[in-house]
$ cat data.tsv   # TSV, C-alpha atoms and all ligand atoms
chain	number	residue	atom	x	y	z
A	5	MET	CA	-16.70	10.54	9.22
A	6	GLN	CA	-13.48	8.86	10.07
A	7	ARG	CA	-10.47	7.44	8.32
A	8	ARG	CA	-10.50	3.91	9.62
A	9	GLU	CA	-7.64	1.67	10.47
A	10	ARG	CA	-7.42	-1.17	12.89
A	11	ILE	CA	-5.88	0.18	16.03
A	12	GLU	CA	-6.25	-2.69	18.44
A	13	THR	CA	-2.58	-3.56	18.39
A	14	LEU	CA	-0.34	-0.59	18.27
A	15	ILE	CA	2.89	-2.15	19.43
A	16	PRO	CA	5.56	-0.90	17.05
A	17	ASP	CA	7.27	-3.70	15.19
A	18	PRO	CA	11.02	-3.44	15.84
A	19	ALA	CA	11.61	-4.79	12.35
A	20	SER	CA	9.26	-2.29	10.73
A	21	GLY	CA	11.52	-1.01	8.03
A	22	ARG	CA	14.20	0.66	10.10
A	23	GLY	CA	17.53	0.83	8.38
A	24	GLU	CA	18.48	1.38	4.81
A	25	PRO	CA	15.78	0.67	2.25
A	26	ALA	CA	17.20	-1.57	-0.43
A	27	SER	CA	15.86	-2.02	-3.90
A	28	VAL	CA	15.94	-4.31	-6.88
A	29	GLU	CA	14.38	-4.30	-10.32
A	30	LEU	CA	12.78	-7.32	-11.92
A	31	PRO	CA	11.02	-7.87	-15.21
A	32	SER	CA	7.68	-8.61	-13.55
A	33	PRO	CA	6.11	-8.10	-10.13
A	34	THR	CA	7.97	-10.84	-8.36
A	35	LEU	CA	8.76	-11.30	-4.73
A	36	VAL	CA	12.43	-11.63	-3.92
A	37	GLY	CA	14.84	-11.31	-1.05
A	38	GLN	CA	14.75	-11.66	2.70
A	39	GLY	CA	15.14	-9.48	5.73
A	40	PRO	CA	14.30	-5.85	6.35
A	41	GLY	CA	14.24	-3.42	3.50
A	42	LEU	CA	12.88	-4.11	0.15
A	43	ARG	CA	12.12	-7.06	-1.91
A	44	VAL	CA	9.97	-6.25	-4.87
A	45	ALA	CA	10.12	-4.44	-8.06
A	46	ALA	CA	7.93	-4.57	-11.07
A	47	ALA	CA	7.69	-4.65	-14.77
A	48	GLY	CA	8.77	-1.59	-16.51
A	49	ASN	CA	10.71	1.21	-15.30
A	50	PHE	CA	10.18	1.47	-11.58
A	51	GLN	CA	11.18	-0.02	-8.28
A	52	VAL	CA	9.55	-0.41	-4.89
A	53	ARG	CA	11.30	0.34	-1.62
A	54	LEU	CA	10.14	-0.44	1.88
A	55	GLY	CA	11.07	1.81	4.76
A	56	SER	CA	10.00	3.86	7.71
A	57	TRP	CA	8.03	7.11	7.69
A	58	ASP	CA	11.30	8.94	8.39
A	59	GLU	CA	12.83	7.40	5.30
A	60	LEU	CA	9.95	7.49	2.84
A	61	GLY	CA	7.37	9.78	4.41
A	62	GLU	CA	8.15	12.92	2.47
A	63	GLU	CA	7.42	11.30	-0.89
A	64	ALA	CA	4.62	9.09	0.43
A	65	ARG	CA	2.98	12.18	1.86
A	66	ARG	CA	3.14	13.95	-1.50
A	67	ILE	CA	1.41	11.05	-3.25
A	68	ARG	CA	-1.28	10.71	-0.60
A	69	LEU	CA	-1.97	14.45	-0.80
A	70	GLU	CA	-2.32	14.20	-4.56
A	71	VAL	CA	-4.44	11.03	-4.67
A	72	PHE	CA	-6.49	10.93	-1.46
A	73	VAL	CA	-6.78	14.59	-0.46
A	74	ALA	CA	-6.84	16.38	-3.84
A	75	GLU	CA	-8.39	13.69	-6.09
A	76	GLN	CA	-10.65	11.82	-3.67
A	77	ARG	CA	-11.38	14.71	-1.29
A	78	VAL	CA	-10.38	12.88	1.89
A	79	PRO	CA	-10.10	15.56	4.60
A	80	LEU	CA	-6.47	16.40	5.28
A	81	GLU	CA	-6.88	15.94	9.02
A	82	LEU	CA	-7.99	12.33	8.47
A	83	GLU	CA	-5.34	11.37	5.96
A	84	PHE	CA	-2.25	11.43	8.19
A	85	ASP	CA	-2.38	9.78	11.60
A	86	SER	CA	-0.42	8.26	14.44
A	87	MET	CA	-0.08	4.99	12.50
A	88	ASP	CA	2.31	6.49	9.97
A	89	PRO	CA	5.34	6.58	12.29
A	90	VAL	CA	4.83	2.92	13.33
A	91	SER	CA	4.02	1.50	9.88
A	92	VAL	CA	6.22	0.05	7.17
A	93	HIS	CA	5.81	2.18	4.06
A	94	ALA	CA	6.21	1.14	0.44
A	95	LEU	CA	7.22	3.66	-2.19
A	96	ALA	CA	7.32	3.05	-5.93
A	97	SER	CA	9.49	5.36	-7.98
A	98	ARG	CA	11.24	5.75	-11.30
A	99	PRO	CA	15.00	5.21	-11.37
A	100	ALA	CA	15.34	8.95	-11.91
A	101	GLY	CA	13.45	9.49	-8.69
A	102	ALA	CA	9.87	10.46	-9.51
A	103	ALA	CA	7.54	8.85	-6.98
A	104	LEU	CA	4.60	6.93	-8.47
A	105	GLY	CA	2.77	5.29	-5.61
A	106	THR	CA	2.72	4.35	-1.98
A	107	GLY	CA	1.06	2.15	0.66
A	108	ARG	CA	1.63	1.07	4.25
A	109	LEU	CA	1.57	-1.96	6.54
A	110	LEU	CA	0.48	-1.44	10.14
A	111	PRO	CA	2.04	-3.46	12.97
A	112	ASP	CA	-1.10	-5.61	13.20
A	113	GLY	CA	-0.97	-6.71	9.56
A	114	HIS	CA	-3.43	-4.20	8.18
A	115	ILE	CA	-2.51	-2.82	4.74
A	116	GLY	CA	-3.70	0.64	3.81
A	117	ARG	CA	-3.26	3.92	1.96
A	118	ILE	CA	-2.43	2.28	-1.36
A	119	ALA	CA	-2.31	5.05	-3.94
A	120	VAL	CA	-0.84	5.37	-7.40
A	121	THR	CA	-0.62	8.71	-9.19
A	122	ARG	CA	-3.14	9.06	-11.98
A	123	GLU	CA	-0.47	9.08	-14.72
A	124	ALA	CA	1.13	5.87	-13.42
A	125	ARG	CA	-2.02	3.75	-13.14
A	126	GLY	CA	-2.37	0.61	-15.20
A	127	GLN	CA	1.38	-0.09	-15.20
A	128	ARG	CA	1.39	-2.60	-12.34
A	129	VAL	CA	2.61	-0.10	-9.78
A	130	GLY	CA	-0.35	-0.87	-7.51
A	131	ALA	CA	0.30	-4.59	-7.89
A	132	ALA	CA	3.96	-4.18	-6.94
A	133	LEU	CA	3.09	-2.06	-3.92
A	134	LEU	CA	0.50	-4.53	-2.69
A	135	LEU	CA	2.74	-7.57	-3.23
A	136	SER	CA	5.66	-5.90	-1.47
A	137	LEU	CA	3.50	-5.06	1.55
A	138	MET	CA	2.08	-8.60	1.64
A	139	GLU	CA	5.60	-9.96	1.56
A	140	ALA	CA	6.65	-7.58	4.33
A	141	ALA	CA	3.72	-8.83	6.40
A	142	ARG	CA	4.67	-12.45	5.75
A	143	GLN	CA	8.24	-11.79	6.82
A	144	ARG	CA	6.99	-10.20	10.03
A	145	GLY	CA	5.15	-13.39	10.87
A	146	HIS	CA	1.61	-12.47	9.87
A	147	ARG	CA	-0.49	-15.33	8.54
A	148	GLN	CA	-3.08	-13.04	6.98
A	149	VAL	CA	-3.51	-9.41	6.00
A	150	GLU	CA	-6.59	-7.24	6.08
A	151	LEU	CA	-7.49	-4.03	4.33
A	152	PHE	CA	-10.40	-1.68	3.85
A	153	ALA	CA	-10.94	-1.48	0.10
A	154	GLN	CA	-12.72	1.29	-1.66
A	155	VAL	CA	-15.48	-0.55	-3.49
A	156	HIS	CA	-14.19	0.54	-6.91
A	157	ALA	CA	-10.90	-1.24	-6.10
A	158	GLU	CA	-12.45	-4.47	-4.77
A	159	ARG	CA	-11.70	-6.40	-7.97
A	160	PHE	CA	-8.13	-5.11	-7.96
A	161	TYR	CA	-7.57	-6.70	-4.53
A	162	GLN	CA	-9.40	-9.88	-5.52
A	163	ARG	CA	-6.66	-10.49	-8.09
A	164	PHE	CA	-4.22	-10.93	-5.22
A	165	GLY	CA	-6.31	-13.35	-3.18
A	166	PHE	CA	-8.32	-10.90	-1.06
A	167	ILE	CA	-11.84	-11.94	-0.12
A	168	THR	CA	-14.54	-9.55	1.02
A	169	VAL	CA	-15.80	-10.07	4.56
A	170	GLY	CA	-18.76	-8.15	5.92
A	171	PRO	CA	-20.91	-5.34	4.62
A	172	GLN	CA	-20.02	-2.02	3.02
A	173	PHE	CA	-19.26	0.91	5.29
A	174	ASP	CA	-18.45	4.58	4.89
A	175	ASP	CA	-14.96	5.83	5.58
A	176	ALA	CA	-14.08	9.47	4.93
A	177	GLY	CA	-17.16	9.71	2.72
A	178	ILE	CA	-16.11	6.79	0.50
A	179	ALA	CA	-17.81	3.34	0.41
A	180	HIS	CA	-15.47	0.57	1.59
A	181	VAL	CA	-15.48	-3.15	2.28
A	182	THR	CA	-13.22	-5.17	4.55
A	183	MET	CA	-11.08	-7.70	2.69
A	184	ARG	CA	-8.68	-10.39	3.92
A	185	ALA	CA	-6.02	-12.55	2.30
A	186	SER	CA	-4.11	-15.50	3.72
A	187	LEU	CA	-0.34	-15.33	3.35
B	201	LIG	C1	-6.49	1.03	-7.19
B	201	LIG	C2	-5.08	1.39	-7.64
B	201	LIG	C3	-4.13	1.37	-6.45
B	201	LIG	C4	-4.62	0.36	-8.69
B	201	LIG	O1	-3.26	0.66	-9.05
B	201	LIG	P1	-2.71	0.41	-10.53
B	201	LIG	O2	-1.25	0.65	-10.50
B	201	LIG	O3	-3.49	1.20	-11.52
B	201	LIG	O4	-3.04	-1.13	-10.75
B	201	LIG	P2	-2.17	-2.19	-11.54
B	201	LIG	O5	-1.74	-1.62	-12.85
B	201	LIG	O6	-1.10	-2.70	-10.66
B	201	LIG	O7	-3.24	-3.34	-11.77
B	201	LIG	C5	-3.00	-4.70	-11.46
B	201	LIG	C6	-4.17	-5.52	-12.01
B	201	LIG	O8	-5.37	-5.09	-11.39
B	201	LIG	C7	-6.29	-4.59	-12.36
B	201	LIG	N1	-6.96	-3.43	-11.80
B	201	LIG	C8	-6.42	-2.26	-11.47
B	201	LIG	N2	-7.35	-1.44	-10.95
B	201	LIG	C9	-8.50	-2.12	-10.98
B	201	LIG	C10	-9.84	-1.84	-10.57
B	201	LIG	N3	-10.16	-0.64	-10.04
B	201	LIG	N4	-10.77	-2.79	-10.73
B	201	LIG	C11	-10.46	-4.01	-11.27
B	201	LIG	N5	-9.21	-4.33	-11.67
B	201	LIG	C12	-8.26	-3.41	-11.52
B	201	LIG	C13	-5.44	-4.24	-13.57
B	201	LIG	O9	-6.18	-4.30	-14.76
B	201	LIG	C14	-4.36	-5.29	-13.50
B	201	LIG	O10	-4.86	-6.49	-14.04
B	201	LIG	P3	-3.92	-7.55	-14.80
B	201	LIG	O11	-3.12	-8.22	-13.73
B	201	LIG	O12	-4.85	-8.46	-15.49
B	201	LIG	O13	-3.07	-6.75	-15.74
B	201	LIG	C15	-5.08	2.79	-8.34
B	201	LIG	O14	-6.10	2.83	-9.31
B	201	LIG	C16	-5.25	3.97	-7.38
B	201	LIG	O15	-4.31	4.41	-6.75
B	201	LIG	N6	-6.48	4.51	-7.29
B	201	LIG	C17	-6.73	5.71	-6.50
B	201	LIG	C18	-6.50	5.48	-5.02
B	201	LIG	C19	-7.33	4.33	-4.52
B	201	LIG	O16	-8.52	4.26	-4.76
B	201	LIG	N7	-6.67	3.45	-3.79
B	201	LIG	C20	-7.31	2.27	-3.24
B	201	LIG	C21	-7.64	2.54	-1.83
B	201	LIG	S1	-8.49	1.13	-1.13

$ encode --input "data.tsv" --output "structure tokens"
Amino acid sequence: MQRRERIETLIPDPASGRGEPASVELPSPTLVGQGPGLRVAAAGNFQVRLGSWDELGEEARRIRLEVFVAEQRVPLELEFDSMDPVSVHALASRPAGAALGTGRLLPDGHIGRIAVTREARGQRVGAALLLSLMEAARQRGHRQVELFAQVHAERFYQRFGFITVGPQFDDAGIAHVTMRASL
């Protein structure tokens, strides 16, 4: 078993979320803004920030422990890897501070680790996280993004333009497919 990510290009992106994460709230998941830091927020009562592992890792880690390790039984040693320090992380949270979801963008344009706490699902948090990471990829010059989708989430990603390429495979004991979207 492994916890797959593309690792062909590991050159850290100098623009990968260093600096102050900014934030904005909008009435619907809408892409806004330019430059490093954040650009998306979503309907309802939450915002999404983009930042480095140093900035957002503590809360992102808590969510990934809750969703992937505790709920989905991904082995702890596979969940956190050397890609975290070189990725751009997205963190959704309530104005009061409670973290709701997370995800990451690798330097090569691979999106991964999208997780929303069980209580927060169905409120467009996942959509806002995905859109903010796609926008971050676009602003870093990527023309397409790729991800490994758990098969139960394939239709979620299809809503945002992702198309399945290739057969199913096992990753950390969970069936996945590779999906790509043009930016
Ligand atoms: C998959 C996941 C990230 C979706 O997050 P979410 O916040 O519940 O999703 P949203 O509320 O943003 O949903 C956006 C849209 O996708 C749809 N959707 C959400 N999950 C879906 C699913 N599993 N299958 C099909 N459609 C789905 C919603 O109905 C919504 O549709 P709408 O635009 O018509 O309203 C969340 O269920 C999760 O974290 N699951 C556990 C971890 C996981 O499996 N992560 C994926 C790893 S590849």

$ residues_near_ligand --input "data.tsv" --ligand "ligand LIG 201 (chain B)" --cutoff "9 Å" --atoms "only C-alpha atoms and all ligand atoms" --output "ChimeraX atom specification"
/A:68,71-72,75-76,104-107,116-122,124-134,151-164,180-181

$ atom_distance --input "data.tsv" --atom1 "CA of Ala140 (chain A)" --atom2 "CA of Val73 (chain A)"
26.4 Å

$ atom_distance --input "data.tsv" --atom1 "CA of Leu187 (chain A)" --atom2 "CA of Thr168 (chain A)"
15.5 Å

$ atom_distance --input "data.tsv" --atom1 "CA of His93 (chain A)" --atom2 "CA of His146 (chain A)"
16.3 Å

$ closest_residue --input "data.tsv" --among "A:Leu82, A:Val52, A:Ala102, A:Ala141" --to "Leu69 (chain A)" --atoms "only C-alpha atoms"
A:Leu82

$ closest_residue --input "data.tsv" --among "A:Asp58, A:Glu70, A:Asp112, A:Asp85" --to "Gln148 (chain A)" --atoms "all atoms listed in the file"
A:Asp112

$ residues_around --input "data.tsv" --residues "Asp88 (chain A)" --least-positions-apart "4" --cutoff "10 Å" --atoms "only C-alpha atoms" --output "list in words"
Ser56, Trp57, Asp58, Gly61, Arg65, Glu83, Phe84, Val92, His93, Arg108, Leu109 and Leu110 of chain A

$ axis_aligned_box --input "data.tsv" --around "region 134-148 of chain A" --padding-each-side "4 Å" --output "lines of an AutoDock Vina configuration file"
center_x = 2.6
center_y = -9.9
center_z = 3.8
size_x = 19.3
size_y = 18.8
size_z = 22.1

$ closest_residue --input "data.tsv" --among "A:Val78, A:Ser91, A:Leu135, A:Pro111" --to "Asp174 (chain A)" --atoms "all atoms listed in the file"
A:Val78

$ closest_residue --input "data.tsv" --among "A:Met87, A:Leu137, A:Ala100, A:Ala94" --to "Phe50 (chain A)" --atoms "only C-alpha atoms"
A:Ala100
